[in-house]
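What follows is protein.cif (mmCIF, C-alpha atoms).
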data_protein
loop_
_atom_site.label_atom_id
_atom_site.label_comp_id
_atom_site.auth_asym_id
_atom_site.auth_seq_id
_atom_site.Cartn_x
_atom_site.Cartn_y
_atom_site.Cartn_z
CA ASN A 10 32.70 23.96 -1.74
CA MET A 11 29.82 21.59 -1.16
CA LEU A 12 27.92 24.36 -2.95
CA CYS A 13 29.51 23.29 -6.27
CA ILE A 14 27.92 19.85 -5.99
CA VAL A 15 24.54 21.29 -4.95
CA LEU A 16 24.57 23.81 -7.82
CA LEU A 17 25.52 21.15 -10.34
CA PHE A 18 22.68 18.86 -9.20
CA LEU A 19 20.23 21.76 -9.13
CA GLY A 20 21.29 22.88 -12.59
CA PHE A 21 20.52 19.47 -14.01
CA ALA A 22 17.17 19.37 -12.20
CA VAL A 23 16.32 22.72 -13.81
CA ILE A 24 17.20 21.67 -17.37
CA ASN A 25 15.51 18.26 -17.03
CA PRO A 26 12.18 19.40 -18.60
CA ILE A 27 13.99 20.40 -21.83
CA PHE A 28 14.66 16.72 -22.57
CA ASN A 29 12.10 14.13 -23.56
CA LYS A 30 12.27 10.35 -23.55
CA LYS A 31 14.09 10.25 -26.88
CA THR A 32 16.78 12.77 -25.92
CA TYR A 33 17.16 11.47 -22.35
CA LYS A 34 20.42 9.75 -23.18
CA ILE A 35 21.90 13.10 -24.21
CA TYR A 36 20.79 14.46 -20.84
CA LEU A 37 22.53 11.59 -19.04
CA LEU A 38 25.68 12.03 -21.12
CA LEU A 39 25.83 15.76 -20.33
CA PHE A 40 25.30 14.96 -16.64
CA ALA A 41 28.19 12.47 -16.62
CA VAL A 42 30.45 14.98 -18.41
CA ALA A 43 29.54 17.77 -15.96
CA LEU A 44 30.23 15.53 -12.95
CA ALA A 45 33.58 14.56 -14.49
CA CYS A 46 34.53 18.20 -15.12
CA LEU A 47 33.85 19.11 -11.49
CA ALA A 48 35.89 16.11 -10.29
CA TRP A 49 38.90 17.42 -12.26
CA PHE A 50 39.19 20.32 -9.79
CA THR A 51 39.20 18.20 -6.62
CA LYS A 52 41.89 19.15 -4.15
CA PRO A 53 42.48 16.01 -2.07
CA ASP A 54 43.57 16.39 1.55
CA TYR A 55 46.21 14.02 2.92
CA THR A 56 43.69 11.62 4.51
CA MET A 57 42.22 10.70 1.13
CA ASP A 58 43.10 7.72 -1.08
CA LEU A 59 43.20 10.18 -3.95
CA TYR A 60 46.05 12.05 -2.27
CA ARG A 61 48.15 8.87 -2.33
CA ALA A 62 47.08 8.18 -5.92
CA TYR A 63 48.28 11.68 -6.90
CA GLY A 64 51.63 10.87 -5.30
CA GLN A 65 51.85 7.72 -7.41
CA LEU A 66 51.01 9.65 -10.59
CA ASP A 67 53.77 12.16 -9.82
CA LEU A 68 56.20 9.30 -9.30
CA PHE A 69 55.12 7.50 -12.50
CA ARG A 70 55.97 10.58 -14.54
CA GLN A 71 59.59 10.12 -13.49
CA ILE A 72 60.18 6.37 -13.71
CA SER A 73 59.97 3.74 -16.43
CA PHE A 74 57.01 1.38 -16.72
CA GLY A 75 59.24 -1.58 -15.82
CA LYS A 76 60.32 0.07 -12.59
CA ALA A 77 56.76 1.06 -11.76
CA TYR A 78 55.66 -2.50 -12.40
CA SER A 79 58.26 -3.92 -10.03
CA TYR A 80 57.02 -1.54 -7.28
CA TYR A 81 53.26 -1.72 -7.75
CA GLY A 82 52.40 -4.20 -10.47
CA ALA A 83 52.28 -7.60 -8.79
CA SER A 84 48.84 -7.43 -7.22
CA ASN A 85 46.95 -5.04 -9.49
CA PRO A 86 48.59 -4.96 -12.90
CA LEU A 87 45.62 -3.29 -14.59
CA THR A 88 45.47 -0.49 -12.05
CA LEU A 89 49.11 0.18 -12.77
CA VAL A 90 48.44 0.35 -16.53
CA TYR A 91 45.54 2.78 -15.90
CA TYR A 92 47.51 5.04 -13.55
CA TYR A 93 50.69 4.93 -15.60
CA ALA A 94 48.89 5.77 -18.84
CA LEU A 95 47.09 8.72 -17.21
CA ALA A 96 50.31 10.00 -15.65
CA ARG A 97 52.06 9.89 -19.02
CA ILE A 98 49.19 11.29 -21.11
CA CYS A 99 48.50 14.33 -18.99
CA PRO A 100 50.64 16.42 -16.64
CA GLU A 101 47.52 17.31 -14.62
CA ASN A 102 46.50 14.84 -11.89
CA GLY A 103 42.88 15.99 -12.19
CA LEU A 104 42.46 13.67 -15.16
CA LEU A 105 42.36 10.68 -12.78
CA PRO A 106 39.23 11.61 -10.78
CA ALA A 107 37.62 13.16 -13.89
CA LEU A 108 38.01 10.08 -16.05
CA THR A 109 37.06 7.80 -13.17
CA VAL A 110 33.85 9.75 -12.53
CA PHE A 111 33.06 9.71 -16.24
CA ILE A 112 33.53 5.93 -16.47
CA VAL A 113 31.53 5.22 -13.28
CA TYR A 114 28.58 7.50 -14.06
CA GLY A 115 28.80 6.64 -17.75
CA PHE A 116 28.30 2.93 -17.13
CA SER A 117 25.73 3.52 -14.36
CA PHE A 118 23.66 5.81 -16.59
CA ALA A 119 24.07 3.48 -19.58
CA LEU A 120 22.66 0.64 -17.47
CA LEU A 121 19.75 2.79 -16.29
CA TYR A 122 19.01 3.84 -19.89
CA LYS A 123 19.29 0.27 -21.23
CA ALA A 124 16.79 -0.95 -18.62
CA ALA A 125 14.50 2.02 -19.33
CA MET A 126 14.45 1.17 -23.05
CA ARG A 127 13.88 -2.48 -22.24
CA PHE A 128 10.82 -1.73 -20.08
CA ASP A 129 9.62 1.09 -22.31
CA SER A 130 9.82 3.44 -19.30
CA THR A 131 8.13 6.82 -19.31
CA LYS A 132 10.23 9.91 -18.66
CA LYS A 133 8.70 10.20 -15.19
CA GLU A 134 9.83 6.66 -14.34
CA MET A 135 13.32 7.39 -15.64
CA ASN A 136 13.44 10.55 -13.52
CA MET A 137 12.42 8.59 -10.42
CA ALA A 138 15.15 6.00 -11.03
CA LEU A 139 17.72 8.74 -11.69
CA LEU A 140 16.72 10.72 -8.58
CA PHE A 141 16.95 7.59 -6.44
CA PHE A 142 20.38 6.79 -7.91
CA MET A 143 21.85 10.29 -7.60
CA ALA A 144 20.59 10.83 -4.04
CA ASN A 145 22.03 7.52 -2.86
CA PHE A 146 25.22 7.24 -4.84
CA ASN A 147 28.20 8.81 -3.14
CA TYR A 148 29.89 11.17 -5.63
CA PHE A 149 32.69 12.05 -3.24
CA TYR A 150 33.60 8.38 -2.66
CA VAL A 151 33.84 7.85 -6.41
CA ILE A 152 36.35 10.69 -6.60
CA ASP A 153 38.29 9.38 -3.62
CA ASN A 154 38.33 5.58 -4.13
CA THR A 155 39.01 5.64 -7.81
CA ARG A 156 39.32 1.95 -8.62
CA ILE A 157 36.64 0.03 -6.79
CA TYR A 158 33.84 2.20 -8.19
CA ILE A 159 34.99 1.58 -11.76
CA CYS A 160 34.72 -2.13 -10.95
CA PHE A 161 31.22 -1.72 -9.47
CA ALA A 162 29.84 0.17 -12.47
CA VAL A 163 31.46 -1.99 -15.14
CA LEU A 164 30.43 -5.19 -13.35
CA ALA A 165 26.79 -4.15 -12.90
CA TYR A 166 26.58 -3.14 -16.58
CA PHE A 167 28.16 -6.28 -18.02
CA MET A 168 26.22 -8.54 -15.67
CA TYR A 169 23.07 -7.02 -17.18
CA VAL A 170 24.32 -7.71 -20.73
CA ASP A 171 25.31 -11.23 -19.69
CA ILE A 172 22.39 -12.27 -17.47
CA VAL A 173 19.37 -10.31 -18.73
CA GLU A 174 20.19 -9.76 -22.40
CA LYS A 175 22.05 -13.09 -22.59
CA LYS A 176 24.59 -11.62 -25.01
CA HIS A 177 28.40 -11.72 -25.40
CA ARG A 178 28.83 -14.11 -22.47
CA ILE A 179 32.49 -14.94 -23.15
CA PHE A 180 33.39 -11.26 -23.47
CA CYS A 181 31.52 -10.51 -20.22
CA PHE A 182 33.47 -13.18 -18.35
CA LEU A 183 36.74 -11.78 -19.69
CA VAL A 184 35.65 -8.40 -18.29
CA TYR A 185 34.92 -9.99 -14.89
CA ALA A 186 38.37 -11.58 -14.84
CA ALA A 187 40.05 -8.31 -15.79
CA LEU A 188 38.18 -6.46 -13.02
CA CYS A 189 39.69 -8.80 -10.41
CA TYR A 190 43.12 -7.59 -11.52
CA PHE A 191 41.94 -4.01 -11.27
CA HIS A 192 40.70 -4.22 -7.68
CA TYR A 193 40.26 -7.48 -5.74
CA GLY A 194 37.37 -6.01 -3.72
CA ILE A 195 35.19 -7.09 -6.64
CA LEU A 196 36.06 -10.78 -6.16
CA PRO A 197 33.08 -11.77 -3.94
CA PHE A 198 30.65 -10.44 -6.57
CA VAL A 199 32.40 -12.24 -9.42
CA LEU A 200 32.22 -15.46 -7.36
CA ILE A 201 28.49 -14.87 -6.97
CA ARG A 202 28.16 -14.63 -10.75
CA ILE A 203 29.95 -17.98 -11.14
CA VAL A 204 27.72 -19.65 -8.52
CA LEU A 205 24.66 -18.25 -10.30
CA LEU A 206 25.88 -19.70 -13.60
CA LEU A 207 26.08 -23.14 -12.00
CA ILE A 208 22.61 -23.02 -10.45
CA LYS A 209 20.71 -20.97 -13.03
CA LYS A 210 18.71 -23.92 -14.40
CA THR A 211 17.64 -25.07 -10.95
CA SER A 212 14.25 -24.46 -9.35
CA PRO A 213 13.50 -21.33 -7.30
CA ILE A 214 13.67 -23.49 -4.16
CA VAL A 215 17.36 -24.24 -4.80
CA LYS A 216 18.04 -20.56 -5.43
CA LYS A 217 16.33 -19.70 -2.14
CA ALA A 218 18.37 -22.35 -0.35
CA PHE A 219 21.51 -20.69 -1.69
CA ILE A 220 20.72 -17.63 0.42
CA VAL A 221 21.93 -19.83 3.27
CA ILE A 222 24.48 -21.93 1.33
CA LEU A 223 26.22 -18.99 -0.36
CA PRO A 224 27.33 -17.20 2.83
CA VAL A 225 28.81 -20.48 4.03
CA LEU A 226 30.71 -20.85 0.73
CA ILE A 227 31.98 -17.27 0.79
CA PHE A 228 32.95 -17.61 4.41
CA ALA A 229 34.87 -20.81 3.69
CA ALA A 230 36.51 -19.21 0.64
CA ASN A 231 37.49 -16.26 2.80
CA LYS A 232 39.09 -18.55 5.40
CA ILE A 233 40.95 -20.52 2.69
CA VAL A 234 42.18 -17.30 1.10
CA ILE A 235 43.45 -16.10 4.48
CA ALA A 236 45.22 -19.40 5.06
CA LEU A 237 46.77 -19.43 1.59
CA GLY A 238 47.26 -15.70 1.64
CA SER A 239 49.54 -15.69 4.63
CA ALA A 240 51.63 -18.25 2.74
CA SER A 241 51.60 -16.59 -0.68
CA ASP A 242 52.29 -13.12 -1.96
CA GLY A 243 50.36 -13.22 -5.24
CA LEU A 244 46.77 -12.13 -5.82
CA LEU A 245 45.42 -14.22 -2.92
CA GLY A 246 47.99 -12.74 -0.58
CA THR A 247 46.92 -9.24 -1.47
CA VAL A 248 43.25 -10.13 -1.09
CA GLU A 249 44.01 -11.39 2.40
CA LYS A 250 45.98 -8.24 3.27
CA LYS A 251 43.22 -6.06 1.89
CA VAL A 252 40.37 -7.83 3.66
CA SER A 253 42.13 -7.91 7.02
CA GLY A 254 43.36 -4.37 6.38
CA TYR A 255 39.79 -3.16 5.97
CA SER A 256 38.73 -4.73 9.25
CA ASP A 257 41.52 -2.85 11.05
CA TYR A 258 40.10 0.58 10.22
CA GLU A 259 39.41 2.37 13.47
CA VAL A 260 37.28 5.16 11.99
CA PHE A 261 33.76 4.14 12.61
CA GLY A 262 30.94 6.53 11.81
CA VAL A 263 27.65 5.43 13.31
CA TRP A 264 25.81 7.57 10.76
CA GLN A 265 27.68 6.17 7.81
CA PHE A 266 27.18 2.62 8.94
CA SER A 267 23.47 3.05 9.68
CA MET A 268 22.89 4.78 6.33
CA SER A 269 24.51 1.85 4.54
CA ILE A 270 22.31 -0.61 6.41
CA VAL A 271 19.15 1.43 5.68
CA ARG A 272 20.01 1.42 1.99
CA LEU A 273 20.59 -2.32 1.97
CA VAL A 274 17.29 -3.00 3.73
CA LEU A 275 15.46 -0.77 1.25
CA ALA A 276 17.24 -2.56 -1.60
CA LEU A 277 16.04 -5.89 -0.19
CA LEU A 278 12.47 -4.56 -0.12
CA ILE A 279 12.71 -3.53 -3.77
CA MET A 280 14.15 -6.95 -4.63
CA LEU A 281 11.40 -8.74 -2.74
CA LEU A 282 8.74 -6.86 -4.70
CA SER A 283 10.48 -7.30 -8.02
CA MET A 284 11.03 -11.02 -7.51
CA THR A 285 7.53 -11.69 -6.25
CA ILE A 286 6.09 -10.07 -9.38
CA THR A 287 8.59 -11.87 -11.65
CA GLU A 288 7.82 -15.22 -10.04
CA SER A 289 4.06 -14.76 -10.41
CA LEU A 290 4.54 -13.79 -14.09
CA LEU A 291 6.74 -16.83 -14.71
CA LYS A 292 4.29 -19.18 -12.94
CA LYS A 293 1.09 -18.26 -14.76
CA LYS A 294 0.79 -17.95 -18.51
CA ASN A 295 2.74 -14.77 -19.16
CA THR A 296 0.46 -12.27 -20.87
CA ASP A 297 2.87 -9.35 -20.71
CA GLY A 298 3.47 -8.37 -24.31
CA LEU A 299 6.72 -6.54 -23.63
CA LEU A 300 8.43 -9.18 -21.49
CA GLY A 301 8.95 -12.61 -22.96
CA ASN A 302 9.69 -15.50 -20.60
CA ARG A 303 13.34 -15.49 -21.69
CA LEU A 304 13.71 -11.89 -20.55
CA LEU A 305 11.78 -12.53 -17.34
CA ASN A 306 14.06 -15.44 -16.60
CA GLY A 307 17.08 -13.20 -17.11
CA MET A 308 15.54 -10.54 -14.86
CA TYR A 309 14.88 -13.18 -12.22
CA ASN A 310 18.53 -14.28 -12.28
CA TYR A 311 19.76 -10.68 -12.20
CA ASP A 312 17.55 -10.15 -9.15
CA TRP A 313 19.13 -13.18 -7.50
CA MET A 314 22.59 -11.79 -8.25
CA ILE A 315 21.64 -8.60 -6.39
CA VAL A 316 20.09 -10.48 -3.46
CA TYR A 317 23.14 -12.74 -3.07
CA SER A 318 25.34 -9.64 -3.19
CA ILE A 319 23.32 -7.96 -0.43
CA VAL A 320 23.58 -11.14 1.67
CA ALA A 321 27.34 -11.20 1.09
CA ILE A 322 27.59 -7.59 2.29
CA PHE A 323 25.66 -8.35 5.48
CA LEU A 324 28.02 -11.27 5.96
CA PHE A 325 30.99 -8.91 6.10
CA ALA A 326 29.13 -6.52 8.39
CA SER A 327 32.00 -6.47 10.86
CA ASN A 328 34.18 -5.15 8.05
CA TYR A 329 33.34 -1.46 8.19
CA GLN A 330 35.01 -0.32 4.96
CA PHE A 331 33.37 -3.12 3.02
CA VAL A 332 29.91 -2.17 4.29
CA LEU A 333 30.61 1.47 3.53
CA ARG A 334 31.56 0.99 -0.12
CA THR A 335 29.72 -2.03 -1.44
CA PRO A 336 26.12 -0.74 -1.16
CA ASN A 337 27.13 1.51 -4.04
CA PHE A 338 27.47 -1.57 -6.25
CA ILE A 339 23.93 -2.56 -5.27
CA GLN A 340 22.79 1.00 -5.99
CA ILE A 341 24.00 0.86 -9.61
CA ALA A 342 22.44 -2.55 -10.27
CA LEU A 343 19.21 -1.56 -8.50
CA SER A 344 18.13 0.69 -11.39
CA VAL A 345 17.15 -2.46 -13.31
CA PRO A 346 14.65 -4.03 -10.87
CA LEU A 347 13.43 -0.56 -9.94
CA LEU A 348 12.53 0.37 -13.53
CA PHE A 349 10.95 -3.07 -13.94
CA LEU A 350 8.77 -2.38 -10.88
CA LEU A 351 7.74 1.08 -12.04
CA TYR A 352 6.82 -0.46 -15.39
CA ARG A 353 4.73 -3.19 -13.75
CA PHE A 354 2.92 -0.62 -11.61
CA ARG A 355 1.08 0.48 -14.76
CA ASN A 356 -0.63 -2.89 -14.63
CA PRO A 357 -3.95 -2.89 -12.69
CA VAL A 358 -2.81 -5.94 -10.67
CA ASN A 359 0.18 -4.10 -9.12
CA LYS A 360 -1.12 -0.55 -9.38
CA ASN A 361 -2.01 -0.13 -5.70
CA LEU A 362 1.70 -0.36 -4.77
CA LYS A 363 2.69 2.58 -6.95
CA PRO A 364 2.02 5.57 -4.64
CA TYR A 365 3.66 3.85 -1.64
CA THR A 366 6.76 3.05 -3.65
CA TYR A 367 7.12 6.58 -4.98
CA ILE A 368 6.65 8.07 -1.50
CA LEU A 369 9.10 5.62 0.11
CA LEU A 370 11.77 6.15 -2.56
CA SER A 371 11.42 9.93 -2.53
CA ALA A 372 11.52 10.15 1.27
CA GLU A 373 14.58 7.90 1.50
CA SER A 374 16.29 9.87 -1.29
CA VAL A 375 15.74 13.18 0.51
CA ILE A 376 17.03 11.79 3.82
CA HIS A 377 20.07 10.15 2.25
CA PHE A 378 20.96 13.21 0.19
CA ALA A 379 20.71 15.39 3.31
CA TYR A 380 23.06 12.95 5.06
CA LEU A 381 25.51 13.17 2.13
CA LEU A 382 25.47 16.96 2.26
CA LEU A 383 25.99 17.14 6.02
CA TYR A 384 28.51 14.35 6.51
CA VAL A 385 30.25 13.72 3.19
CA TYR A 386 30.04 16.49 0.62
CA ASN A 387 30.99 19.13 3.16
CA ASN A 388 34.49 17.59 3.07
CA ALA A 389 34.83 18.07 -0.67
CA GLN A 390 37.28 20.73 -1.78
CA PHE A 391 37.45 22.05 -5.33
CA VAL A 392 40.04 24.53 -6.49
CA PHE A 393 39.36 26.32 -9.75
#
How would this structure read if it were set down as C-alpha cells?
Amino acid sequence: NMLCIVLLFLGFAVINPIFNKKTYKIYLLLFAVALACLAWFTKPDYTMDLYRAYGQLDLFRQISFGKAYSYYGASNPLTLVYYYALARICPENGLLPALTVFIVYGFSFALLYKAAMRFDSTKKEMNMALLFFMANFNYFYVIDNTRIYICFAVLAYFMYVDIVEKKHRIFCFLVYAALCYFHYGILPFVLIRIVLLLIKKTSPIVKKAFIVILPVLIFAANKIVIALGSASDGLLGTVEKKVSGYSDYEVFGVWQFSMSIVRLVLALLIMLLSMTITESLLKKKNTDGLLGNRLLNGMYNYDWMIVYSIVAIFLFASNYQFVLRTPNFIQIALSVPLLFLLYRFRNPVNKNLKPYTYILLSAESVIHFAYLLLYVYNNAQFVF
C-alpha cells in the first residue's frame, strides 16, 4: 500500500518537465488534488486519530448540531463545525482526510509559489524547494492528525501575508484567533507572532536576546495555564489537558525523535544562513533590485518567527508528541527562507555556498524520505 504513495510521487516527478515556470502553479494544484484523492481511500486502523474521527462523523450523522455541540463543542467549536458539516454533506468519511490533505498541501504549495514569485525563482529552484518539502513533510500524519496540520499550513501562509507582504493584518489576526479554536496546539506559535509584533521595531540585539527571553515567557505561560487549567474547564483547561496528555504518551520511537531533531537542526542552519545574508543586506546600502528594504525587513521578521518557533519546540523536547508534529509547521514555513537563499546564491558574493546547500538538502531529503517509507508510509492502508 506504501506503493500507492511511491507511485504518486514518482508520477509527479515524471510529469514535472512538462511544466515551466509559468504553469508551475497548475502542476502544484494537480499535485495537491492527486494527494487528496489518494487520502480519500485511507482505511484507518483503530490506533489512528482518524479512526476516532470517523466514529465522530458517523455519530454526527445521527444527532442534531446542538447535541453534538454539548458533547464536543466547548473546547474546539470550529473543529466541531468542520466535522459536522463534512458528516452532513457527504455520507463517505473519506471526504475528511481528502479535504484536509487538499487544504494542507494547498496552503503549503501556495506559500511556496508566492515566495517563488517574490524572489523570481527559476524552475530549478522551485523544484529544489518542492523536493525538500515533499521528502520531509509527513503525508501520513496529515491524513491521521487532521486538525493540527490545517492549523500549521494556514498559519504559515497567513504569517507570510502578514509579516512579509505586510497586507491584511487585521484579517490575518482574526485567522490566528480562529485557529486557536480549531486546535489549541497552535497556541505557542500564535503567542510568538504576538511577541514579534511587540518587538518588531527593536534592534537585532533585542531580537537575539529574545531567543533566551521567549522560552522563559512560554515556560511561565505554560505553568500559569496549567495552574488555571486545573481550576477551569474552558479553553485553558483543555490546553492543559492536551499538553499534559501529550507528555503521557508512552510510545517513543528513537528514530522518529532523532529525525525530528535532525530536521530542526537543519532548519536552524538554513535560518542562520538566511538571516546572516538578510542582516548584511540591511546593514549596507541595499543594491538588490528585486528586494526593497521593506521586503527584507519583513523577511527578517519572518525568519525570526521561524527561529523562535524552533526554540519553542526544543523547549518542549520532553513532550514527545509535540516534537513529532511541530517540525512540520517549520517545514511549511521553511520554503520562504529557502527560496530566498537559492535566489541569493545567484549573486557572486554568496555563490560559493550554492553547491554545498544543494548537496546537503538533497542528501537530507533522500535520507528522510527513506525513513518515511520504512517507518511511516508502510503503515498506510488504502482500500479502493
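For the pair atom CA of A:Pro346 and atom CA of A:Leu291, the separation is 15.5 Å.
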| message | I want to know what sits within 10 Å of A:Arg353, based on all atoms listed in the file, with residues of the same chain fewer than 4 positions away left out; could you give that as a ChimeraX atom specification? | response | /A:128,283,286-287,297,347-349,357-360,362-363
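All residues of protein, DNA or RNA that reach within 9 Å of A:Tyr367, judged by all atoms listed in the file and not counting those fewer than 5 positions away in the chain, are Met137, Leu351, Leu362 and Ala372 of chain A.
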| Evaluating the PyMOL selection byres ((chain A and resi 197) around 12) on the displayed file yields which residues, as an MDAnalysis selection string? | chainID A and resid 161 164 185 188:189 192:196 198:204 223:224 226:231 234 248 252 314 317:322 324:325 331 335 338
So which residues get picked by the PyMOL selection byres ((chain A and resi 18) around 12) here, written as a PDB file with C-alpha atoms, keeping the file's coordinate frame?
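So the final result, stored in result35.pdb, reads:
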ATOM      1  CA  MET A  11      29.820  21.590  -1.160  1.00  0.00           C
ATOM      2  CA  LEU A  12      27.920  24.360  -2.950  1.00  0.00           C
ATOM      3  CA  CYS A  13      29.510  23.290  -6.270  1.00  0.00           C
ATOM      4  CA  ILE A  14      27.920  19.850  -5.990  1.00  0.00           C
ATOM      5  CA  VAL A  15      24.540  21.290  -4.950  1.00  0.00           C
ATOM      6  CA  LEU A  16      24.570  23.810  -7.820  1.00  0.00           C
ATOM      7  CA  LEU A  17      25.520  21.150 -10.340  1.00  0.00           C
ATOM      8  CA  LEU A  19      20.230  21.760  -9.130  1.00  0.00           C
ATOM      9  CA  GLY A  20      21.290  22.880 -12.590  1.00  0.00           C
ATOM     10  CA  PHE A  21      20.520  19.470 -14.010  1.00  0.00           C
ATOM     11  CA  ALA A  22      17.170  19.370 -12.200  1.00  0.00           C
ATOM     12  CA  VAL A  23      16.320  22.720 -13.810  1.00  0.00           C
ATOM     13  CA  ILE A  24      17.200  21.670 -17.370  1.00  0.00           C
ATOM     14  CA  ASN A  25      15.510  18.260 -17.030  1.00  0.00           C
ATOM     15  CA  LEU A  39      25.830  15.760 -20.330  1.00  0.00           C
ATOM     16  CA  PHE A  40      25.300  14.960 -16.640  1.00  0.00           C
ATOM     17  CA  ALA A  41      28.190  12.470 -16.620  1.00  0.00           C
ATOM     18  CA  ALA A  43      29.540  17.770 -15.960  1.00  0.00           C
ATOM     19  CA  LEU A  44      30.230  15.530 -12.950  1.00  0.00           C
ATOM     20  CA  LEU A  47      33.850  19.110 -11.490  1.00  0.00           C
ATOM     21  CA  LEU A 139      17.720   8.740 -11.690  1.00  0.00           C
ATOM     22  CA  LEU A 140      16.720  10.720  -8.580  1.00  0.00           C
ATOM     23  CA  MET A 143      21.850  10.290  -7.600  1.00  0.00           C
ATOM     24  CA  ALA A 144      20.590  10.830  -4.040  1.00  0.00           C
ATOM     25  CA  TYR A 148      29.890  11.170  -5.630  1.00  0.00           C
ATOM     26  CA  PHE A 378      20.960  13.210   0.190  1.00  0.00           C
ATOM     27  CA  LEU A 382      25.470  16.960   2.260  1.00  0.00           C
TER      28      LEU A 382
END
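Summary of the local environment: counting all atoms listed in the file, residues at most 9 Å from A:Asn310, other than itself and those fewer than 6 positions away along its chain, are Ile172, Val173, Leu205 and Lys209 of chain A.
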